[in-house]
>>> print(open('work39.tsv').read())   # TSV, C-alpha atoms
chain	number	residue	atom	x	y	z
A	1	MET	CA	-30.39	-20.41	5.78
A	2	GLN	CA	-28.70	-21.59	2.58
A	3	ILE	CA	-31.06	-19.43	0.55
A	4	LEU	CA	-30.08	-16.37	2.62
A	5	LYS	CA	-26.36	-17.09	2.10
A	6	ILE	CA	-26.87	-17.51	-1.65
A	7	LEU	CA	-28.85	-14.25	-1.67
A	8	THR	CA	-26.01	-12.47	0.18
A	9	ILE	CA	-23.41	-13.73	-2.29
A	10	GLY	CA	-25.69	-12.64	-5.13
A	11	LEU	CA	-25.86	-9.13	-3.65
A	12	ALA	CA	-22.06	-9.10	-3.50
A	13	LEU	CA	-21.85	-9.97	-7.19
A	14	LEU	CA	-24.28	-7.15	-7.93
A	15	GLY	CA	-21.97	-4.65	-6.25
A	16	SER	CA	-23.29	-4.34	-2.68
A	17	PRO	CA	-20.85	-2.67	-0.25
A	18	LEU	CA	-18.24	-5.08	1.09
A	19	PHE	CA	-19.05	-4.38	4.75
A	20	VAL	CA	-22.72	-5.30	4.15
A	21	VAL	CA	-21.77	-8.62	2.57
A	22	ILE	CA	-19.18	-9.56	5.22
A	23	SER	CA	-21.46	-8.50	8.09
A	24	ALA	CA	-24.39	-10.45	6.66
A	25	LEU	CA	-22.29	-13.60	6.23
A	26	ALA	CA	-20.95	-13.25	9.81
A	27	LEU	CA	-24.45	-12.87	11.24
A	28	LEU	CA	-25.82	-15.78	9.22
A	29	SER	CA	-22.89	-18.00	10.17
A	30	PHE	CA	-23.22	-17.34	13.90
A	31	TYR	CA	-26.99	-17.75	13.73
A	32	GLY	CA	-26.59	-21.05	11.89
A	33	VAL	CA	-24.54	-22.57	14.74
A	34	GLY	CA	-26.73	-21.12	17.49
A	35	VAL	CA	-24.32	-18.45	18.75
A	36	ASP	CA	-25.79	-15.24	20.19
A	37	LEU	CA	-25.49	-12.50	17.55
A	38	SER	CA	-24.26	-10.01	20.14
A	39	VAL	CA	-20.81	-11.56	19.60
A	40	VAL	CA	-20.55	-9.52	16.39
A	41	ILE	CA	-21.08	-6.26	18.29
A	42	ILE	CA	-18.58	-7.39	20.94
A	43	GLU	CA	-15.97	-7.98	18.22
A	44	MET	CA	-16.64	-4.54	16.75
A	45	SER	CA	-16.25	-2.81	20.12
A	46	ARG	CA	-13.07	-4.80	20.83
A	47	LEU	CA	-11.60	-3.53	17.55
A	48	ALA	CA	-12.47	0.06	18.44
A	49	GLU	CA	-10.37	-0.30	21.60
A	50	THR	CA	-7.25	-1.35	19.65
A	51	PRO	CA	-4.62	1.36	20.39
A	52	MET	CA	-2.86	1.03	17.03
A	53	LEU	CA	-6.10	1.73	15.15
A	54	LEU	CA	-5.80	5.38	16.16
A	55	SER	CA	-2.93	5.93	13.74
A	56	LEU	CA	-5.00	5.01	10.66
A	57	PRO	CA	-7.38	8.04	10.48
A	58	LEU	CA	-4.57	10.44	11.33
A	59	PHE	CA	-2.22	9.16	8.63
A	60	ILE	CA	-5.13	9.09	6.16
A	61	PHE	CA	-5.89	12.75	6.97
A	62	ALA	CA	-2.22	13.71	6.54
A	63	GLY	CA	-2.04	11.85	3.21
A	64	THR	CA	-5.23	13.50	1.95
A	65	LEU	CA	-3.88	16.94	2.82
A	66	LEU	CA	-0.66	16.22	0.93
A	67	SER	CA	-2.54	14.97	-2.12
A	68	GLU	CA	-4.73	18.10	-2.18
A	69	SER	CA	-1.77	20.48	-1.87
A	70	ARG	CA	1.06	21.35	-4.24
A	71	ALA	CA	3.40	19.00	-2.38
A	72	PRO	CA	3.72	16.61	-5.38
A	73	LYS	CA	4.98	19.47	-7.59
A	74	ARG	CA	7.48	20.61	-4.97
A	75	MET	CA	8.74	17.04	-4.49
A	76	LEU	CA	9.13	16.64	-8.25
A	77	ALA	CA	10.95	19.95	-8.64
A	78	MET	CA	13.35	19.10	-5.80
A	79	SER	CA	14.05	15.62	-7.17
A	80	GLN	CA	14.58	17.03	-10.68
A	81	ALA	CA	17.05	19.58	-9.38
A	82	LEU	CA	19.02	17.00	-7.38
A	83	LEU	CA	18.85	13.96	-9.67
A	84	GLY	CA	18.33	15.45	-13.11
A	85	TRP	CA	22.01	14.93	-13.97
A	86	LEU	CA	21.66	11.13	-13.77
A	87	PRO	CA	21.26	9.02	-16.94
A	88	GLY	CA	17.59	8.17	-16.81
A	89	GLY	CA	17.24	10.92	-14.22
A	90	LEU	CA	13.61	11.83	-14.86
A	91	ALA	CA	12.55	8.17	-14.83
A	92	VAL	CA	14.36	7.56	-11.53
A	93	ILE	CA	12.83	10.75	-10.16
A	94	SER	CA	9.38	9.49	-11.17
A	95	LEU	CA	9.96	6.25	-9.28
A	96	VAL	CA	11.16	7.98	-6.13
A	97	VAL	CA	8.45	10.66	-6.06
A	98	CYS	CA	5.67	8.13	-6.71
A	99	ALA	CA	7.03	5.82	-3.98
A	100	VAL	CA	7.22	8.61	-1.39
A	101	PHE	CA	3.79	9.94	-2.32
A	102	THR	CA	2.17	6.49	-2.16
A	103	ALA	CA	3.78	5.83	1.22
A	104	PHE	CA	1.87	8.77	2.68
A	105	THR	CA	-1.41	8.48	0.77
A	106	GLY	CA	-1.60	4.67	0.84
A	107	ALA	CA	-3.60	4.53	-2.38
A	108	SER	CA	-1.99	4.04	-5.77
A	109	GLY	CA	-4.97	5.53	-7.58
A	110	VAL	CA	-4.27	8.86	-5.90
A	111	THR	CA	-0.63	8.68	-7.02
A	112	ILE	CA	-1.48	7.94	-10.65
A	113	PHE	CA	-4.00	10.76	-10.84
A	114	ALA	CA	-2.00	13.31	-8.82
A	115	LEU	CA	1.37	12.73	-10.49
A	116	GLY	CA	0.55	11.08	-13.80
A	117	GLY	CA	-0.57	14.31	-15.44
A	118	ILE	CA	2.73	15.96	-14.52
A	119	LEU	CA	5.15	13.11	-15.17
A	120	TYR	CA	3.73	11.55	-18.34
A	121	PRO	CA	4.16	14.57	-20.65
A	122	ALA	CA	7.55	15.31	-19.02
A	123	LEU	CA	8.80	11.79	-19.81
A	124	LEU	CA	7.64	12.03	-23.42
A	125	LYS	CA	9.28	15.45	-23.74
A	126	ASP	CA	12.57	13.91	-22.56
A	127	HIS	CA	12.42	11.40	-25.44
A	128	TYR	CA	11.28	8.36	-23.43
A	129	SER	CA	9.03	6.07	-25.45
A	130	GLU	CA	5.30	6.11	-24.82
A	131	ARG	CA	5.40	2.42	-23.91
A	132	PHE	CA	8.14	2.89	-21.31
A	133	SER	CA	6.47	5.96	-19.81
A	134	LEU	CA	3.11	4.24	-19.46
A	135	GLY	CA	4.67	1.14	-17.93
A	136	LEU	CA	6.76	3.17	-15.49
A	137	LEU	CA	3.88	5.28	-14.17
A	138	THR	CA	1.38	2.42	-14.02
A	139	THR	CA	3.82	0.26	-12.05
A	140	SER	CA	5.20	2.93	-9.75
A	141	GLY	CA	1.69	3.98	-8.73
A	142	SER	CA	1.81	1.41	-5.92
A	143	LEU	CA	5.56	1.29	-5.36
A	144	GLY	CA	5.58	2.94	-1.93
A	145	LEU	CA	3.29	0.53	-0.07
A	146	LEU	CA	6.22	-1.00	1.85
A	147	PHE	CA	7.57	2.34	3.11
A	148	PRO	CA	6.37	3.89	6.38
A	149	PRO	CA	3.86	5.24	7.21
A	150	SER	CA	2.04	3.01	4.69
A	151	LEU	CA	-1.62	2.53	5.65
A	152	PRO	CA	-1.70	-1.11	4.45
A	153	LEU	CA	1.30	-1.87	6.70
A	154	ILE	CA	-0.60	-0.46	9.68
A	155	LEU	CA	-3.76	-2.34	8.75
A	156	TYR	CA	-1.86	-5.63	8.42
A	157	GLY	CA	-0.32	-5.03	11.84
A	158	VAL	CA	-3.76	-4.49	13.39
A	159	ILE	CA	-5.27	-7.60	11.78
A	160	ALA	CA	-2.29	-9.92	12.34
A	161	GLU	CA	-1.56	-8.41	15.78
A	162	THR	CA	2.02	-7.71	14.74
A	163	ARG	CA	4.17	-4.82	15.94
A	164	ILE	CA	3.74	-1.93	13.53
A	165	ASP	CA	7.12	-0.37	14.36
A	166	GLN	CA	8.77	-3.63	13.25
A	167	LEU	CA	6.68	-3.69	10.06
A	168	PHE	CA	7.81	-0.15	9.28
A	169	LEU	CA	11.44	-1.26	9.51
A	170	ALA	CA	10.83	-4.56	7.72
A	171	GLY	CA	9.50	-2.83	4.59
A	172	ILE	CA	12.46	-0.50	4.05
A	173	LEU	CA	15.03	-2.87	2.49
A	174	PRO	CA	12.52	-4.80	0.31
A	175	GLY	CA	11.08	-1.48	-0.85
A	176	LEU	CA	14.56	-0.20	-1.69
A	177	LEU	CA	15.32	-3.43	-3.56
A	178	MET	CA	12.37	-2.84	-5.88
A	179	LEU	CA	13.34	0.80	-6.35
A	180	VAL	CA	16.92	-0.18	-7.22
A	181	LEU	CA	15.85	-2.82	-9.77
A	182	LEU	CA	13.38	-0.51	-11.49
A	183	GLY	CA	15.84	2.39	-11.23
A	184	ALA	CA	18.61	0.39	-12.92
A	185	TYR	CA	16.23	-0.53	-15.75
A	186	SER	CA	15.16	3.12	-16.04
A	187	ILE	CA	18.79	4.31	-16.24
A	188	LYS	CA	19.41	1.82	-19.04
A	189	LYS	CA	16.38	3.13	-20.92
A	190	GLY	CA	17.40	6.73	-20.23
A	191	VAL	CA	20.78	6.17	-21.87
A	192	ALA	CA	19.07	4.62	-24.89
A	193	ALA	CA	16.54	7.46	-25.08
A	194	LYS	CA	19.33	10.09	-24.91
A	195	GLU	CA	17.17	12.18	-22.65
A	196	LYS	CA	18.18	15.69	-21.70
A	197	ARG	CA	20.11	15.87	-18.44
A	198	ALA	CA	19.88	18.86	-16.16
A	199	PRO	CA	23.14	19.75	-14.38
A	200	VAL	CA	22.99	20.58	-10.68
A	201	SER	CA	22.68	24.36	-10.43
A	202	GLY	CA	21.37	27.12	-8.23
A	203	GLN	CA	17.89	25.73	-8.89
A	204	ALA	CA	18.70	22.86	-6.51
A	205	LEU	CA	19.03	25.23	-3.57
A	206	LYS	CA	15.77	26.96	-4.47
A	207	ALA	CA	13.96	23.62	-4.83
A	208	LEU	CA	15.28	22.52	-1.44
A	209	ARG	CA	14.09	25.76	0.12
A	210	ASP	CA	10.67	25.39	-1.48
A	211	ALA	CA	10.24	21.86	-0.08
A	212	ALA	CA	12.07	22.55	3.19
A	213	TRP	CA	8.97	22.20	5.36
A	214	GLU	CA	7.99	18.83	3.85
A	215	LEU	CA	11.45	17.22	3.96
A	216	PRO	CA	11.29	16.47	7.74
A	217	LEU	CA	8.18	14.27	7.40
A	218	PRO	CA	9.99	10.90	7.18
A	219	VAL	CA	12.24	11.98	10.06
A	220	ILE	CA	9.21	12.81	12.19
A	221	VAL	CA	7.65	9.40	11.58
A	222	LEU	CA	10.72	7.16	11.77
A	223	GLY	CA	12.95	9.24	14.02
A	224	GLY	CA	10.14	9.83	16.49
A	225	ILE	CA	9.17	6.16	16.75
A	226	TYR	CA	12.64	4.60	16.81
A	227	GLY	CA	14.12	7.42	18.85
A	228	GLY	CA	11.68	6.46	21.60
A	229	ILE	CA	10.02	9.88	21.55
A	230	PHE	CA	6.53	8.55	20.79
A	231	VAL	CA	4.63	5.43	19.70
A	232	ALA	CA	3.01	4.96	16.27
A	233	GLY	CA	-0.31	6.51	17.31
A	234	GLU	CA	1.44	9.60	18.68
A	235	ALA	CA	3.62	9.77	15.56
A	236	ALA	CA	0.45	9.81	13.45
A	237	ALA	CA	-1.00	12.67	15.53
A	238	VAL	CA	2.21	14.72	15.27
A	239	THR	CA	2.42	14.02	11.51
A	240	ALA	CA	-1.20	15.08	10.91
A	241	LEU	CA	-0.74	18.28	12.93
A	242	TYR	CA	2.56	19.08	11.21
A	243	VAL	CA	1.11	18.56	7.70
A	244	LEU	CA	-1.95	20.65	8.63
A	245	VAL	CA	0.18	23.57	9.81
A	246	VAL	CA	2.57	23.35	6.85
A	247	GLU	CA	0.01	23.03	4.04
A	248	VAL	CA	-2.64	25.39	5.46
A	249	PHE	CA	-0.71	28.08	7.33
A	250	ILE	CA	2.84	28.07	5.91
A	251	TYR	CA	2.48	27.16	2.21
A	252	ARG	CA	-1.22	28.13	2.15
A	253	ASP	CA	-1.89	25.57	-0.56
A	254	ILE	CA	-5.16	24.63	1.09
A	255	GLU	CA	-7.66	27.31	2.01
A	256	PHE	CA	-9.16	27.03	5.48
A	257	ARG	CA	-12.69	26.70	4.05
A	258	ARG	CA	-11.64	23.53	2.19
A	259	LEU	CA	-10.62	21.73	5.39
A	260	PRO	CA	-14.10	20.42	6.28
A	261	LYS	CA	-14.44	18.75	2.86
A	262	ILE	CA	-10.96	17.19	3.15
A	263	MET	CA	-11.79	15.94	6.64
A	264	VAL	CA	-15.01	14.37	5.38
A	265	THR	CA	-13.18	12.70	2.48
A	266	SER	CA	-10.44	11.22	4.67
A	267	MET	CA	-12.80	10.12	7.46
A	268	ALA	CA	-15.17	8.54	4.94
A	269	LEU	CA	-12.25	6.43	3.73
A	270	PHE	CA	-11.35	5.49	7.30
A	271	GLY	CA	-15.00	4.77	8.13
A	272	GLY	CA	-15.24	2.35	5.23
A	273	ILE	CA	-12.04	0.60	6.33
A	274	LEU	CA	-13.21	0.46	9.97
A	275	VAL	CA	-16.61	-1.06	9.21
A	276	VAL	CA	-15.15	-3.63	6.82
A	277	LEU	CA	-12.43	-4.48	9.32
A	278	ALA	CA	-14.90	-4.84	12.19
A	279	ALA	CA	-17.19	-7.09	10.16
A	280	SER	CA	-14.19	-9.10	9.02
A	281	MET	CA	-12.96	-9.58	12.60
A	282	ALA	CA	-16.36	-10.95	13.54
A	283	SER	CA	-16.20	-13.38	10.60
A	284	THR	CA	-12.67	-14.35	11.63
A	285	ASN	CA	-13.91	-15.12	15.13
A	286	PHE	CA	-16.43	-17.52	13.63
A	287	LEU	CA	-13.78	-19.20	11.44
A	288	VAL	CA	-11.48	-19.67	14.43
A	289	ASP	CA	-14.35	-20.97	16.57
A	290	GLN	CA	-15.14	-23.54	13.87
A	291	GLU	CA	-11.42	-24.41	13.53
A	292	VAL	CA	-11.45	-23.59	9.80
A	293	PRO	CA	-7.78	-22.38	9.65
A	294	THR	CA	-6.64	-25.51	11.50
A	295	ARG	CA	-8.49	-27.76	9.09
A	296	LEU	CA	-7.12	-25.86	6.11
A	297	PHE	CA	-3.59	-26.20	7.47
A	298	GLU	CA	-4.02	-29.94	8.00
A	299	LEU	CA	-5.41	-30.32	4.47
A	300	ILE	CA	-2.56	-28.33	2.92
A	301	ARG	CA	0.05	-30.11	5.05
A	302	GLU	CA	-1.10	-33.46	3.66
A	303	HIS	CA	0.03	-32.38	0.19
A	304	ILE	CA	2.74	-29.78	0.94
A	305	SER	CA	5.40	-30.46	3.53
A	306	SER	CA	7.98	-27.91	2.41
A	307	LYS	CA	7.81	-24.36	3.73
A	308	TYR	CA	9.31	-23.06	0.47
A	309	THR	CA	6.73	-24.82	-1.69
A	310	PHE	CA	4.03	-23.33	0.51
A	311	LEU	CA	5.51	-19.85	0.02
A	312	LEU	CA	5.57	-20.35	-3.75
A	313	LEU	CA	1.88	-21.33	-3.82
A	314	LEU	CA	1.08	-18.50	-1.40
A	315	ASN	CA	2.68	-16.00	-3.79
A	316	LEU	CA	0.64	-17.30	-6.73
A	317	PHE	CA	-2.54	-17.08	-4.66
A	318	LEU	CA	-1.80	-13.58	-3.39
A	319	LEU	CA	-0.93	-12.29	-6.87
A	320	LEU	CA	-4.36	-13.43	-7.97
A	321	VAL	CA	-5.98	-11.82	-4.92
A	322	GLY	CA	-4.09	-8.58	-5.56
A	323	ALA	CA	-5.30	-8.48	-9.14
A	324	MET	CA	-8.92	-9.09	-8.13
A	325	LEU	CA	-9.41	-7.02	-4.95
A	326	ASP	CA	-8.34	-3.62	-3.68
A	327	ILE	CA	-5.63	-3.84	-1.05
A	328	PHE	CA	-7.82	-3.02	1.97
A	329	SER	CA	-10.42	-5.65	1.09
A	330	ALA	CA	-7.70	-8.21	0.43
A	331	LEU	CA	-6.12	-7.54	3.82
A	332	VAL	CA	-9.29	-7.93	5.88
A	333	LEU	CA	-10.51	-10.96	3.97
A	334	VAL	CA	-7.33	-13.01	3.50
A	335	VAL	CA	-4.93	-12.17	6.34
A	336	PRO	CA	-7.01	-13.82	9.13
A	337	ILE	CA	-7.07	-17.09	7.17
A	338	ILE	CA	-3.45	-17.04	5.98
A	339	VAL	CA	-1.79	-16.09	9.29
A	340	PRO	CA	-2.43	-19.33	11.24
A	341	ILE	CA	-1.52	-21.47	8.22
A	342	ALA	CA	1.73	-19.57	7.68
A	343	GLN	CA	2.56	-19.90	11.37
A	344	GLY	CA	2.13	-23.65	11.02
A	345	TYR	CA	4.92	-23.60	8.43
A	346	GLY	CA	7.13	-21.46	10.66
A	347	VAL	CA	6.83	-18.25	8.64
A	348	ASP	CA	7.59	-15.12	10.67
A	349	LEU	CA	4.50	-12.88	10.75
A	350	THR	CA	6.51	-9.72	10.06
A	351	HIS	CA	8.12	-11.37	7.03
A	352	LEU	CA	4.67	-12.64	5.99
A	353	GLY	CA	3.35	-9.07	6.06
A	354	ILE	CA	6.06	-7.88	3.65
A	355	ILE	CA	5.43	-10.86	1.35
A	356	PHE	CA	1.70	-10.16	1.50
A	357	LEU	CA	1.96	-6.46	0.64
A	358	THR	CA	4.59	-7.05	-2.06
A	359	ASN	CA	2.22	-9.46	-3.78
A	360	LEU	CA	-0.72	-7.08	-3.53
A	361	GLN	CA	1.44	-4.23	-4.82
A	362	ILE	CA	2.40	-6.31	-7.87
A	363	GLY	CA	-1.17	-7.55	-8.26
A	364	TYR	CA	-2.30	-3.95	-8.73
A	365	CYS	CA	-0.65	-3.91	-12.16
A	366	THR	CA	-1.01	-7.59	-13.11
A	367	PRO	CA	-3.12	-8.34	-16.22
A	368	PRO	CA	-5.91	-8.78	-16.93
A	369	VAL	CA	-7.74	-6.98	-14.09
A	370	GLY	CA	-5.11	-5.22	-11.94
A	371	LEU	CA	-6.59	-2.02	-10.54
A	372	ASN	CA	-3.69	0.20	-11.65
A	373	LEU	CA	-4.20	-0.89	-15.25
A	374	PHE	CA	-7.76	0.42	-15.26
A	375	LEU	CA	-6.84	3.63	-13.42
A	376	ALA	CA	-3.93	4.31	-15.78
A	377	GLY	CA	-6.07	3.49	-18.80
A	378	TYR	CA	-8.62	6.06	-17.64
A	379	ARG	CA	-6.01	8.68	-16.66
A	380	PHE	CA	-3.91	8.43	-19.83
A	381	GLU	CA	-6.78	7.46	-22.15
A	382	LYS	CA	-5.03	4.34	-23.41
A	383	PRO	CA	-6.44	0.87	-24.17
A	384	LEU	CA	-5.79	-1.85	-21.60
A	385	VAL	CA	-3.98	-4.07	-24.12
A	386	GLN	CA	-1.40	-1.32	-24.63
A	387	LEU	CA	-0.90	-1.05	-20.87
A	388	TYR	CA	-0.51	-4.84	-20.56
A	389	ALA	CA	2.46	-4.72	-22.93
A	390	ALA	CA	3.88	-1.56	-21.33
A	391	THR	CA	3.95	-2.97	-17.79
A	392	LEU	CA	5.42	-6.39	-18.69
A	393	PRO	CA	9.17	-5.54	-18.25
A	394	PHE	CA	8.45	-3.82	-14.94
A	395	LEU	CA	6.35	-6.76	-13.75
A	396	LEU	CA	9.17	-9.20	-14.48
A	397	LEU	CA	11.57	-7.11	-12.39
A	398	LEU	CA	9.06	-6.86	-9.54
A	399	LEU	CA	8.49	-10.62	-9.63
A	400	ALA	CA	12.25	-11.14	-9.38
A	401	ALA	CA	12.25	-8.84	-6.33
A	402	LEU	CA	9.33	-10.81	-4.87
A	403	ALA	CA	11.28	-14.06	-5.17
A	404	ILE	CA	14.25	-12.51	-3.34
A	405	ILE	CA	12.01	-11.05	-0.62
A	406	THR	CA	10.21	-14.37	-0.16
A	407	TYR	CA	13.18	-16.71	0.05
A	408	PHE	CA	15.66	-14.41	1.80
A	409	PRO	CA	13.73	-13.40	4.93
A	410	TRP	CA	16.74	-11.60	6.42
A	411	LEU	CA	16.07	-8.80	3.92
A	412	SER	CA	12.82	-8.07	5.78
A	413	LEU	CA	13.95	-8.98	9.29
A	414	TRP	CA	17.48	-7.59	9.58
A	415	LEU	CA	16.45	-4.04	10.49
A	416	THR	CA	13.77	-5.24	12.92
A	417	ARG	CA	16.53	-6.31	15.30
A	418	PHE	CA	17.01	-2.61	16.10
A	419	ALA	CA	13.35	-2.13	17.08
A	420	GLY	CA	13.91	-3.78	20.47
>>> encode(input="work39.tsv", output="structure tokens")
Amino acid sequence: MQILKILTIGLALLGSPLFVVISALALLSFYGVGVDLSVVIIEMSRLAETPMLLSLPLFIFAGTLLSESRAPKRMLAMSQALLGWLPGGLAVISLVVCAVFTAFTGASGVTIFALGGILYPALLKDHYSERFSLGLLTTSGSLGLLFPPSLPLILYGVIAETRIDQLFLAGILPGLLMLVLLGAYSIKKGVAAKEKRAPVSGQALKALRDAAWELPLPVIVLGGIYGGIFVAGEAAAVTALYVLVVEVFIYRDIEFRRLPKIMVTSMALFGGILVVLAASMASTNFLVDQEVPTRLFELIREHISSKYTFLLLLNLFLLLVGAMLDIFSALVLVVPIIVPIAQGYGVDLTHLGIIFLTNLQIGYCTPPVGLNLFLAGYRFEKPLVQLYAATLPFLLLLLAALAIITYFPWLSLWLTRFAG
């Protein structure tokens, strides 16, 4: 049995798919304690019956459609027309557009590749330094993960069995806090760079008309859910249908013959998440059955009695996790273990979700192995060391935001009072 477990871990180190590794460890663990292996299949079928899981493939499909269309260019043109007059206008526009785009696609790599090629030369043309431009785009590639309808927010809600409508509300103020801090820094740099400002003109009206069909998207998601018109799963279905009609039949950015390929791409992503999540839930069942979280909590409680000290150590741990794993893997592997321990310290699970995703968002661009650093290095053809230096000021601001989010829970929980 030990040899099989060592072999499984060895396969993981050699790059075997995550769902294979987690499934194998779950099966071996149950077999080792004499539990019928059908429990793994039962856990997988139980997950498939989770109502909130329905929203994931639909939001993924909508996000994939948006990323394959010319929506990013329309969003950029509209933001430029409306905010170009600001000091640091283009930098602030970059932050906002990247945040909105990431909120719908859920993957920072898509944001860096879809928008980086447009924004990077534009920033340099407006006299921003190369270092600032690289740091801005690398950091803002994951900036929208706290805004609805963020896929990681939904996934956390499914795993932690927390209300997704409350998570959507809880992420708004923390997400805005990070945008404000980075925006203020960008305005300061814009003044120093003496970038060209574009006055509001007739182009603003044209840009608004061009993006008119995409502007209602946030209203559909948030207004529909909190207006009591439909639940999150129904909101996802309406959003996917709306994006399909807009991008295929109204704007005609996506030819009808390309739809099957886009469907395959988005469902392959969902399939990978589903299998990993199902295998992880089976492993979690084993850990709970063996009282592993309880033992961990008792062990930690022996050395840490303060809730605030626990949160500090949790942040350090999650930053490391975020730098080492992609966000979906981190969620399915770590959340089931952290949730019962955090509950023991009296941490609200909705607040915990925002702390968790903020850490993973920052971990994406944390040296030496943050995923955004490698993606940006590949996209902009720059050495990693240069990106380390470029992202440092932005990281310090995001860490300051993390401290505020962690120790002032009302920032995450205030809006949730209106969710009922």
>>> residues_around(input="work39.tsv", residues="region 326-332 of chain A", least_positions_apart="3", cutoff="7 Å", atoms="all atoms listed in the file", output="list in words")
Pro152, Tyr156, Leu277, Ser280, Val321, Gly322, Val335 and Leu360 of chain A
>>> residues_around(input="work39.tsv", residues="Leu371 (chain A)", least_positions_apart="2", cutoff="9 Å", atoms="all atoms listed in the file", output="PyMOL selection string")
chain A and resi 108-109+322-326+363-366+369+373-376
>>> closest_residue(input="work39.tsv", among="A:Thr358, A:Phe59, A:Gln80, A:Pro72", to="Lys206 (chain A)", atoms="only C-alpha atoms")
A:Gln80
>>> residues_around(input="work39.tsv", residues="Ala122 (chain A)", least_positions_apart="5", cutoff="10 Å", atoms="only C-alpha atoms", output="list in words")
Leu90, Ala91, Ser94, Gly116, Gly117, His127, Tyr128 and Ser133 of chain A
>>> closest_residue(input="work39.tsv", among="A:Leu76, A:Leu396, A:Val264, A:Ala401", to="Gly135 (chain A)", atoms="all atoms listed in the file")
A:Leu396
>>> closest_residue(input="work39.tsv", among="A:Leu56, A:Ile262, A:Leu296, A:Val180", to="Ile338 (chain A)", atoms="all atoms listed in the file")
A:Leu296
>>> residues_around(input="work39.tsv", residues="Leu169 (chain A)", least_positions_apart="5", cutoff="10 Å", atoms="all atoms listed in the file", output="short mmCIF file (atom, residue, chain, number, x, y, z; two decimals) with C-alpha atoms, keeping the file's coordinate frame")
data_model
loop_
_atom_site.label_atom_id
_atom_site.label_comp_id
_atom_site.auth_asym_id
_atom_site.auth_seq_id
_atom_site.Cartn_x
_atom_site.Cartn_y
_atom_site.Cartn_z
CA LEU A 146 6.22 -1.00 1.85
CA PHE A 147 7.57 2.34 3.11
CA PRO A 148 6.37 3.89 6.38
CA ILE A 164 3.74 -1.93 13.53
CA PRO A 174 12.52 -4.80 0.31
CA LEU A 222 10.72 7.16 11.77
CA TYR A 226 12.64 4.60 16.81
CA THR A 350 6.51 -9.72 10.06
CA SER A 412 12.82 -8.07 5.78
CA LEU A 413 13.95 -8.98 9.29
CA TRP A 414 17.48 -7.59 9.58
CA LEU A 415 16.45 -4.04 10.49
CA THR A 416 13.77 -5.24 12.92
CA ARG A 417 16.53 -6.31 15.30
CA PHE A 418 17.01 -2.61 16.10
CA ALA A 419 13.35 -2.13 17.08
#
>>> atom_distance(input="work39.tsv", atom1="CA of Tyr407 (chain A)", atom2="CA of Asn359 (chain A)")
13.7 Å
>>> atom_distance(input="work39.tsv", atom1="CA of Leu318 (chain A)", atom2="CA of Phe356 (chain A)")
6.9 Å
>>> atom_distance(input="work39.tsv", atom1="CA of Leu167 (chain A)", atom2="CA of Gly272 (chain A)")
23.2 Å
>>> closest_residue(input="work39.tsv", among="A:Ile93, A:Leu398, A:Leu54, A:Ala81", to="Ile187 (chain A)", atoms="only C-alpha atoms")
A:Ile93
>>> closest_residue(input="work39.tsv", among="A:Leu173, A:Ile220, A:Ala390, A:Ala211", to="Glu234 (chain A)", atoms="all atoms listed in the file")
A:Ile220
>>> axis_aligned_box(input="work39.tsv", around="region 296-309 of chain A", padding_each_side="4 Å", output="lines of an AutoDock Vina configuration file")
center_x = 1.1
center_y = -28.3
center_z = 3.2
size_x = 24.4
size_y = 18.4
size_z = 17.7
>>> decode(input="work39.tsv", residues="region 270-278 of chain A", atoms="N, CA and C atoms", output="PDB file, in the first residue's frame")
ATOM      1  N   PHE A 270     -14.615  22.803 -18.133  1.00  0.00           N
ATOM      2  CA  PHE A 270     -15.545  22.416 -17.070  1.00  0.00           C
ATOM      3  C   PHE A 270     -15.372  20.946 -16.695  1.00  0.00           C
ATOM      4  N   GLY A 271     -15.168  20.090 -17.703  1.00  0.00           N
ATOM      5  CA  GLY A 271     -14.985  18.669 -17.417  1.00  0.00           C
ATOM      6  C   GLY A 271     -13.788  18.417 -16.524  1.00  0.00           C
ATOM      7  N   GLY A 272     -12.696  19.143 -16.798  1.00  0.00           N
ATOM      8  CA  GLY A 272     -11.513  18.995 -15.953  1.00  0.00           C
ATOM      9  C   GLY A 272     -11.794  19.426 -14.527  1.00  0.00           C
ATOM     10  N   ILE A 273     -12.506  20.564 -14.386  1.00  0.00           N
ATOM     11  CA  ILE A 273     -12.851  21.045 -13.041  1.00  0.00           C
ATOM     12  C   ILE A 273     -13.762  20.044 -12.338  1.00  0.00           C
ATOM     13  N   LEU A 274     -14.757  19.508 -13.059  1.00  0.00           N
ATOM     14  CA  LEU A 274     -15.732  18.598 -12.458  1.00  0.00           C
ATOM     15  C   LEU A 274     -15.070  17.324 -11.951  1.00  0.00           C
ATOM     16  N   VAL A 275     -14.182  16.742 -12.768  1.00  0.00           N
ATOM     17  CA  VAL A 275     -13.544  15.488 -12.363  1.00  0.00           C
ATOM     18  C   VAL A 275     -12.616  15.709 -11.171  1.00  0.00           C
ATOM     19  N   VAL A 276     -11.847  16.797 -11.216  1.00  0.00           N
ATOM     20  CA  VAL A 276     -10.968  17.109 -10.086  1.00  0.00           C
ATOM     21  C   VAL A 276     -11.782  17.359  -8.824  1.00  0.00           C
ATOM     22  N   LEU A 277     -12.872  18.102  -8.978  1.00  0.00           N
ATOM     23  CA  LEU A 277     -13.726  18.418  -7.827  1.00  0.00           C
ATOM     24  C   LEU A 277     -14.359  17.153  -7.250  1.00  0.00           C
ATOM     25  N   ALA A 278     -14.840  16.265  -8.120  1.00  0.00           N
ATOM     26  CA  ALA A 278     -15.460  15.036  -7.647  1.00  0.00           C
ATOM     27  C   ALA A 278     -14.454  14.156  -6.905  1.00  0.00           C
TER      28      ALA A 278
END
